[in-house]
>>> print(open('my_file25.cif').read())   # mmCIF, C-alpha atoms
data_data
#
loop_
_atom_site.label_atom_id
_atom_site.label_comp_id
_atom_site.auth_asym_id
_atom_site.auth_seq_id
_atom_site.Cartn_x
_atom_site.Cartn_y
_atom_site.Cartn_z
CA MET N 1 39.66 142.35 5.82
CA ALA N 2 39.95 138.85 7.21
CA ALA N 3 37.82 137.85 10.17
CA LEU N 4 39.65 137.16 13.40
CA LEU N 5 39.52 133.62 14.72
CA PRO N 6 38.61 133.06 18.37
CA SER N 7 41.48 132.02 20.67
CA TRP N 8 40.05 128.54 21.22
CA ALA N 9 40.36 127.87 17.45
CA TRP N 10 44.04 128.88 17.48
CA VAL N 11 44.77 126.70 20.52
CA SER N 12 42.89 123.75 19.00
CA GLY N 13 44.71 124.15 15.68
CA LEU N 14 48.13 124.34 17.34
CA THR N 15 47.32 121.30 19.51
CA VAL N 16 46.30 119.25 16.46
CA ALA N 17 49.44 120.33 14.56
CA ALA N 18 51.72 119.49 17.51
CA THR N 19 50.06 116.09 17.98
CA ALA N 20 50.45 115.31 14.25
CA ALA N 21 54.14 116.30 14.39
CA VAL N 22 54.78 114.04 17.42
CA VAL N 23 53.01 111.10 15.73
CA ALA N 24 54.99 111.64 12.50
CA LEU N 25 58.28 111.72 14.43
CA ALA N 26 57.33 108.59 16.40
CA VAL N 27 56.54 106.68 13.20
CA GLN N 28 59.79 107.86 11.64
CA ALA N 29 61.80 106.84 14.74
CA ASP N 30 60.14 103.42 14.80
CA HIS N 31 61.49 102.72 11.32
CA GLY N 32 65.01 103.97 12.07
CA PRO N 33 68.05 102.03 13.29
CA ARG N 34 67.93 100.56 16.78
CA PRO N 35 70.78 101.19 19.23
CA ALA N 36 72.78 98.09 20.05
CA ALA N 37 74.57 97.46 23.30
CA GLN N 38 77.02 94.74 24.17
CA ALA N 39 75.76 92.39 26.84
CA ALA N 40 77.33 92.73 30.27
CA HIS N 41 77.00 88.99 30.87
CA ALA N 42 79.17 86.24 29.45
CA ARG N 43 76.25 85.06 27.31
CA PRO N 44 73.92 87.55 25.64
CA THR N 45 70.30 87.32 26.72
CA ALA N 46 67.22 87.68 24.55
CA SER N 47 67.14 91.39 25.30
CA ALA N 48 70.85 91.92 24.63
CA SER N 49 72.23 92.62 21.19
CA PRO N 50 75.85 92.18 20.18
CA THR N 51 77.37 95.11 18.38
CA PRO N 52 76.48 94.83 14.69
CA SER N 53 79.32 93.78 12.41
CA THR N 54 79.23 97.15 10.67
CA ALA N 55 79.86 99.20 13.83
CA PRO N 56 83.35 100.74 13.96
CA THR N 57 85.60 99.91 16.88
CA PRO N 58 88.23 102.28 18.23
CA SER N 59 91.17 100.02 17.39
CA GLY N 60 89.67 98.15 14.45
CA PRO N 61 88.26 94.64 14.43
CA PRO N 62 89.65 92.12 16.92
CA ALA N 63 92.61 90.17 15.63
CA LEU N 64 92.17 86.64 14.39
CA PRO N 65 93.05 84.27 17.27
CA GLU N 66 96.46 82.66 17.06
CA ALA N 67 96.56 78.92 16.41
CA SER N 68 93.18 79.06 14.65
CA GLY N 69 94.44 77.08 11.67
CA VAL N 70 95.54 78.00 8.18
CA GLY N 71 93.83 78.62 4.87
CA ARG N 72 90.21 79.36 4.11
CA ARG N 73 88.06 78.72 7.20
CA ILE N 74 85.44 79.92 9.66
CA VAL N 75 86.87 80.63 13.11
CA TYR N 76 84.56 80.62 16.14
CA SER N 77 85.74 81.81 19.57
CA VAL N 78 83.69 80.20 22.32
CA GLY N 79 85.03 82.66 24.91
CA THR N 80 84.38 85.90 23.03
CA HIS N 81 81.31 84.76 21.05
CA ARG N 82 82.90 85.99 17.83
CA VAL N 83 83.23 84.57 14.32
CA TRP N 84 85.83 85.37 11.66
CA LEU N 85 85.51 84.45 7.99
CA VAL N 86 89.06 83.85 6.78
CA ASP N 87 90.04 83.79 3.10
CA ALA N 88 92.58 81.47 1.45
CA THR N 89 95.42 83.92 2.18
CA GLY N 90 94.71 83.72 5.92
CA GLN N 91 93.23 87.23 6.13
CA SER N 92 89.95 87.85 7.94
CA SER N 93 87.40 89.22 5.48
CA ARG N 94 84.62 89.66 8.08
CA THR N 95 84.17 89.35 11.83
CA PHE N 96 81.07 89.66 14.00
CA LEU N 97 79.56 88.79 17.37
CA VAL N 98 77.09 85.92 17.82
CA TRP N 99 74.69 84.52 20.40
CA PRO N 100 75.86 81.03 21.42
CA GLY N 101 73.56 78.12 22.14
CA THR N 102 73.58 76.47 25.57
CA LEU N 103 75.96 73.74 24.35
CA ASP N 104 79.43 74.84 23.23
CA PRO N 105 81.52 72.81 20.80
CA GLN N 106 84.92 71.71 22.07
CA PRO N 107 87.90 73.63 20.69
CA GLY N 108 89.22 71.84 17.63
CA ARG N 109 89.03 71.52 13.87
CA TYR N 110 85.78 70.63 12.12
CA SER N 111 84.22 70.88 8.66
CA ILE N 112 80.74 71.87 7.54
CA ILE N 113 78.91 68.54 7.31
CA LYS N 114 75.41 69.70 6.39
CA ARG N 115 73.65 72.80 5.08
CA ARG N 116 69.97 73.55 5.32
CA GLU N 117 68.19 76.61 3.91
CA ALA N 118 65.50 76.85 6.62
CA THR N 119 63.94 74.94 9.50
CA THR N 120 62.60 75.43 13.01
CA GLY N 121 65.40 75.68 15.57
CA SER N 122 65.46 73.71 18.80
CA ASP N 123 64.24 76.90 20.49
CA GLY N 124 61.10 76.91 18.30
CA VAL N 125 62.22 79.89 16.20
CA GLN N 126 62.16 79.79 12.38
CA VAL N 127 65.82 79.91 11.25
CA GLU N 128 67.61 80.04 7.91
CA HIS N 129 71.12 79.68 6.49
CA ILE N 130 71.98 76.75 8.77
CA VAL N 131 75.46 75.26 8.47
CA TYR N 132 76.17 72.34 10.81
CA PHE N 133 79.70 71.35 11.77
CA THR N 134 79.45 68.99 14.79
CA ALA N 135 77.18 67.61 17.50
CA VAL N 136 77.42 67.71 21.31
CA SER N 137 75.41 65.27 23.43
CA GLY N 138 73.28 64.41 20.40
CA VAL N 139 72.47 68.06 19.66
CA ASN N 140 73.61 69.47 16.30
CA ILE N 141 75.89 72.50 16.50
CA GLY N 142 75.85 75.05 13.70
CA PHE N 143 75.46 78.65 12.65
CA SER N 144 72.08 80.12 11.69
CA ASN N 145 70.02 83.28 11.80
CA ALA N 146 66.38 83.84 12.72
CA LEU N 147 64.15 84.58 9.73
CA ASP N 148 62.85 87.66 11.53
CA GLY N 149 66.37 88.75 12.55
CA SER N 150 65.69 88.40 16.27
CA SER N 151 68.06 87.21 18.97
CA PRO N 152 67.31 83.81 20.49
CA PRO N 153 64.81 83.61 23.34
CA PRO N 154 66.02 82.37 26.74
CA ALA N 155 66.69 78.63 26.62
CA ASN N 156 64.64 77.84 29.77
CA GLY N 157 66.76 74.78 30.51
CA ALA N 158 66.67 73.43 26.94
CA GLN N 159 69.84 72.27 25.25
CA THR N 160 70.41 74.36 22.13
CA GLY N 161 73.24 74.05 19.64
CA GLY N 162 72.40 76.91 17.33
CA ILE N 163 74.97 79.68 17.24
CA ARG N 164 72.64 82.52 16.26
CA LEU N 165 73.85 85.28 13.95
CA HIS N 166 72.48 88.62 12.83
CA LYS N 167 70.59 88.21 9.55
CA GLU N 168 73.30 89.78 7.34
CA ASP N 169 76.03 87.74 9.05
CA GLY N 170 73.97 84.56 8.55
CA ALA N 171 73.80 85.31 4.83
CA ALA N 172 77.58 85.87 4.77
CA VAL N 173 78.29 82.52 6.50
CA TRP N 174 75.84 80.78 4.14
CA SER N 175 77.66 82.20 1.10
CA PHE N 176 81.11 81.47 2.55
CA GLY N 177 80.53 78.01 4.05
CA ASP N 178 80.11 75.24 1.50
CA LEU N 179 80.11 71.56 2.47
CA GLY N 180 83.60 70.70 3.65
CA THR N 181 84.58 74.27 4.58
CA LYS N 182 86.87 74.18 7.61
CA VAL N 183 85.54 75.42 10.95
CA SER N 184 88.08 76.14 13.67
CA VAL N 185 86.74 76.42 17.22
CA VAL N 186 89.02 78.19 19.72
CA GLU N 187 88.70 79.25 23.34
#
>>> encode(input="my_file25.cif", output="structure tokens")
Amino acid sequence: MAALLPSWAWVSGLTVAATAAVVALAVQADHGPRPAAQAAHARPTASASPTPSTAPTPSGPPALPEASGVGRRIVYSVGTHRVWLVDATGQSSRTFLVWPGTLDPQPGRYSIIKRREATTGSDGVQVEHIVYFTAVSGVNIGFSNALDGSSPPPANGAQTGGIRLHKEDGAAVWSFGDLGTKVSVVE
């Protein structure tokens, strides 16, 4: 016949098991997807995260803005902080939200004038997949994503021209936007 264990041994064993289960669940949750919420402000802050491009929307993706040009192009809406990648037939193949810099480009038609694989952004963050299309007040304006996938830190009065993208969206713009690719900026 098996010997009976004292009650303190059972309580200690259950406590250790419960603690191990909580730690295992915490580690598992830390490696899972993070919830994303749309910023309530006009410009997302460092703690805000635009809805990822893969999240479904009730009525589908927002329509391509009218008068955004024709043909293959990148369309950037300054007012909605959204980018569309448009194929040669005029159909949007991808759309996503972005974090704008502190300097907005004027609405108009541009072309990608320079591409750079990686550098340090004007906010001091390591960025990659940079495609420049204009300059405002001597500050280059272009799309990029942080190497670590983070949103930009607060500008603290600095003039920044980087339109920051989620990592996967940055890779998509990099693949789509060769030198000379049209960029249409709309309100």
>>> residues_around(input="my_file25.cif", residues="N:Val136", least_positions_apart="3", cutoff="9 Å", atoms="all atoms listed in the file", output="list of chain:residue names")
N:Leu103, N:Asp104, N:Pro105, N:Gln106, N:Val139, N:Asn140, N:Ile141, N:Gly161
>>> resolve_selection(input="my_file25.cif", expression="the PyMOL selection byres ((chain N and resi 77-91) around 10)", output="VMD selection string")
chain N and resid 42 to 44 50 61 to 65 68 to 76 92 to 100 104 to 107 143 163 165 169 172 to 173 176 to 177 182 to 187
>>> closest_residue(input="my_file25.cif", among="N:Glu168, N:Glu128, N:Asp178, N:Asp123", to="N:Asn156", atoms="all atoms listed in the file")
N:Asp123
>>> atom_distance(input="my_file25.cif", atom1="atom CA of N:Thr160", atom2="atom CA of N:Arg115")
17.4 Å
>>> atom_distance(input="my_file25.cif", atom1="atom CA of N:Pro152", atom2="atom CA of N:Gly101")
8.6 Å
>>> closest_residue(input="my_file25.cif", among="N:Ala155, N:Thr134, N:Leu179, N:His166", to="N:Tyr110", atoms="all atoms listed in the file")
N:Thr134
>>> closest_residue(input="my_file25.cif", among="N:Gly149, N:Gly162, N:Glu117, N:Ile112", to="N:Gly180", atoms="all atoms listed in the file")
N:Ile112
>>> resolve_selection(input="my_file25.cif", expression="the PyMOL selection byres ((chain N and resi 130) around 8)", output="list in words")
Arg115, Arg116, Glu117, Ala118, Val127, Glu128, His129, Val131, Tyr132, Gly142, Phe143, Ser144, Asn145 and Trp174 of chain N
>>> atom_distance(input="my_file25.cif", atom1="atom CA of N:Val125", atom2="atom CA of N:Gln159")
14.1 Å
>>> closest_residue(input="my_file25.cif", among="N:Ser59, N:Ser12, N:Gln126, N:Thr120", to="N:Leu147", atoms="only C-alpha atoms")
N:Gln126
>>> decode(input="my_file25.cif", residues="stretch 86-97 of chain N", atoms="all heavy atoms", output="short mmCIF file (atom, residue, chain, number, x, y, z; two decimals), in the first residue's frame")
data_model
loop_
_atom_site.label_atom_id
_atom_site.label_comp_id
_atom_site.auth_asym_id
_atom_site.auth_seq_id
_atom_site.Cartn_x
_atom_site.Cartn_y
_atom_site.Cartn_z
N VAL N 86 -0.68 50.20 -56.79
CA VAL N 86 -1.61 50.08 -57.92
C VAL N 86 -0.88 49.47 -59.10
O VAL N 86 0.17 49.97 -59.51
CB VAL N 86 -2.20 51.46 -58.28
CG1 VAL N 86 -3.20 51.33 -59.42
CG2 VAL N 86 -2.83 52.11 -57.06
N ASP N 87 -1.46 48.39 -59.67
CA ASP N 87 -0.82 47.72 -60.80
C ASP N 87 -1.09 48.47 -62.11
O ASP N 87 -1.80 49.48 -62.13
CB ASP N 87 -1.24 46.25 -60.88
CG ASP N 87 -2.72 46.05 -61.18
OD1 ASP N 87 -3.37 46.95 -61.76
OD2 ASP N 87 -3.23 44.96 -60.85
N ALA N 88 -0.54 47.97 -63.20
CA ALA N 88 -0.64 48.64 -64.50
C ALA N 88 -2.07 48.76 -65.01
O ALA N 88 -2.38 49.64 -65.81
CB ALA N 88 0.22 47.91 -65.53
N THR N 89 -2.97 47.89 -64.52
CA THR N 89 -4.37 47.96 -64.95
C THR N 89 -5.17 48.99 -64.15
O THR N 89 -6.35 49.19 -64.41
CB THR N 89 -5.06 46.58 -64.81
OG1 THR N 89 -5.16 46.25 -63.41
CG2 THR N 89 -4.31 45.50 -65.57
N GLY N 90 -4.54 49.60 -63.14
CA GLY N 90 -5.22 50.58 -62.31
C GLY N 90 -5.91 49.98 -61.10
O GLY N 90 -6.63 50.67 -60.38
N GLN N 91 -5.68 48.69 -60.83
CA GLN N 91 -6.28 48.02 -59.68
C GLN N 91 -5.32 48.03 -58.50
O GLN N 91 -4.12 47.79 -58.67
CB GLN N 91 -6.64 46.57 -60.04
CG GLN N 91 -7.65 46.44 -61.14
CD GLN N 91 -8.98 47.07 -60.77
OE1 GLN N 91 -9.54 46.79 -59.71
NE2 GLN N 91 -9.49 47.94 -61.62
N SER N 92 -5.84 48.30 -57.32
CA SER N 92 -5.02 48.27 -56.11
C SER N 92 -4.72 46.83 -55.74
O SER N 92 -5.62 46.03 -55.55
CB SER N 92 -5.76 48.96 -54.97
OG SER N 92 -5.07 48.80 -53.76
N SER N 93 -3.42 46.50 -55.64
CA SER N 93 -3.03 45.15 -55.27
C SER N 93 -2.77 45.04 -53.76
O SER N 93 -2.72 43.93 -53.23
CB SER N 93 -1.78 44.73 -56.05
OG SER N 93 -0.71 45.60 -55.75
N ARG N 94 -2.60 46.17 -53.09
CA ARG N 94 -2.33 46.16 -51.64
C ARG N 94 -2.58 47.56 -51.11
O ARG N 94 -2.26 48.54 -51.76
CB ARG N 94 -0.88 45.75 -51.41
CG ARG N 94 -0.48 45.60 -49.97
CD ARG N 94 1.00 45.20 -49.87
NE ARG N 94 1.37 44.96 -48.52
CZ ARG N 94 1.77 43.80 -48.03
NH1 ARG N 94 1.83 42.75 -48.82
NH2 ARG N 94 2.10 43.68 -46.77
N THR N 95 -3.13 47.63 -49.90
CA THR N 95 -3.30 48.92 -49.23
C THR N 95 -3.03 48.72 -47.75
O THR N 95 -3.27 47.64 -47.20
CB THR N 95 -4.70 49.52 -49.47
OG1 THR N 95 -4.76 50.81 -48.84
CG2 THR N 95 -5.81 48.64 -48.94
N PHE N 96 -2.50 49.76 -47.10
CA PHE N 96 -2.12 49.65 -45.70
C PHE N 96 -1.97 51.04 -45.09
O PHE N 96 -1.77 52.02 -45.80
CB PHE N 96 -0.83 48.86 -45.52
CG PHE N 96 0.27 49.27 -46.48
CD1 PHE N 96 1.15 50.28 -46.17
CD2 PHE N 96 0.39 48.63 -47.71
CE1 PHE N 96 2.14 50.66 -47.06
CE2 PHE N 96 1.38 49.00 -48.60
CZ PHE N 96 2.26 50.01 -48.27
N LEU N 97 -2.06 51.10 -43.76
CA LEU N 97 -1.87 52.34 -43.02
C LEU N 97 -0.39 52.55 -42.74
O LEU N 97 0.38 51.60 -42.67
CB LEU N 97 -2.65 52.30 -41.71
CG LEU N 97 -4.17 52.33 -41.85
CD1 LEU N 97 -4.84 52.10 -40.50
CD2 LEU N 97 -4.64 53.63 -42.46
#
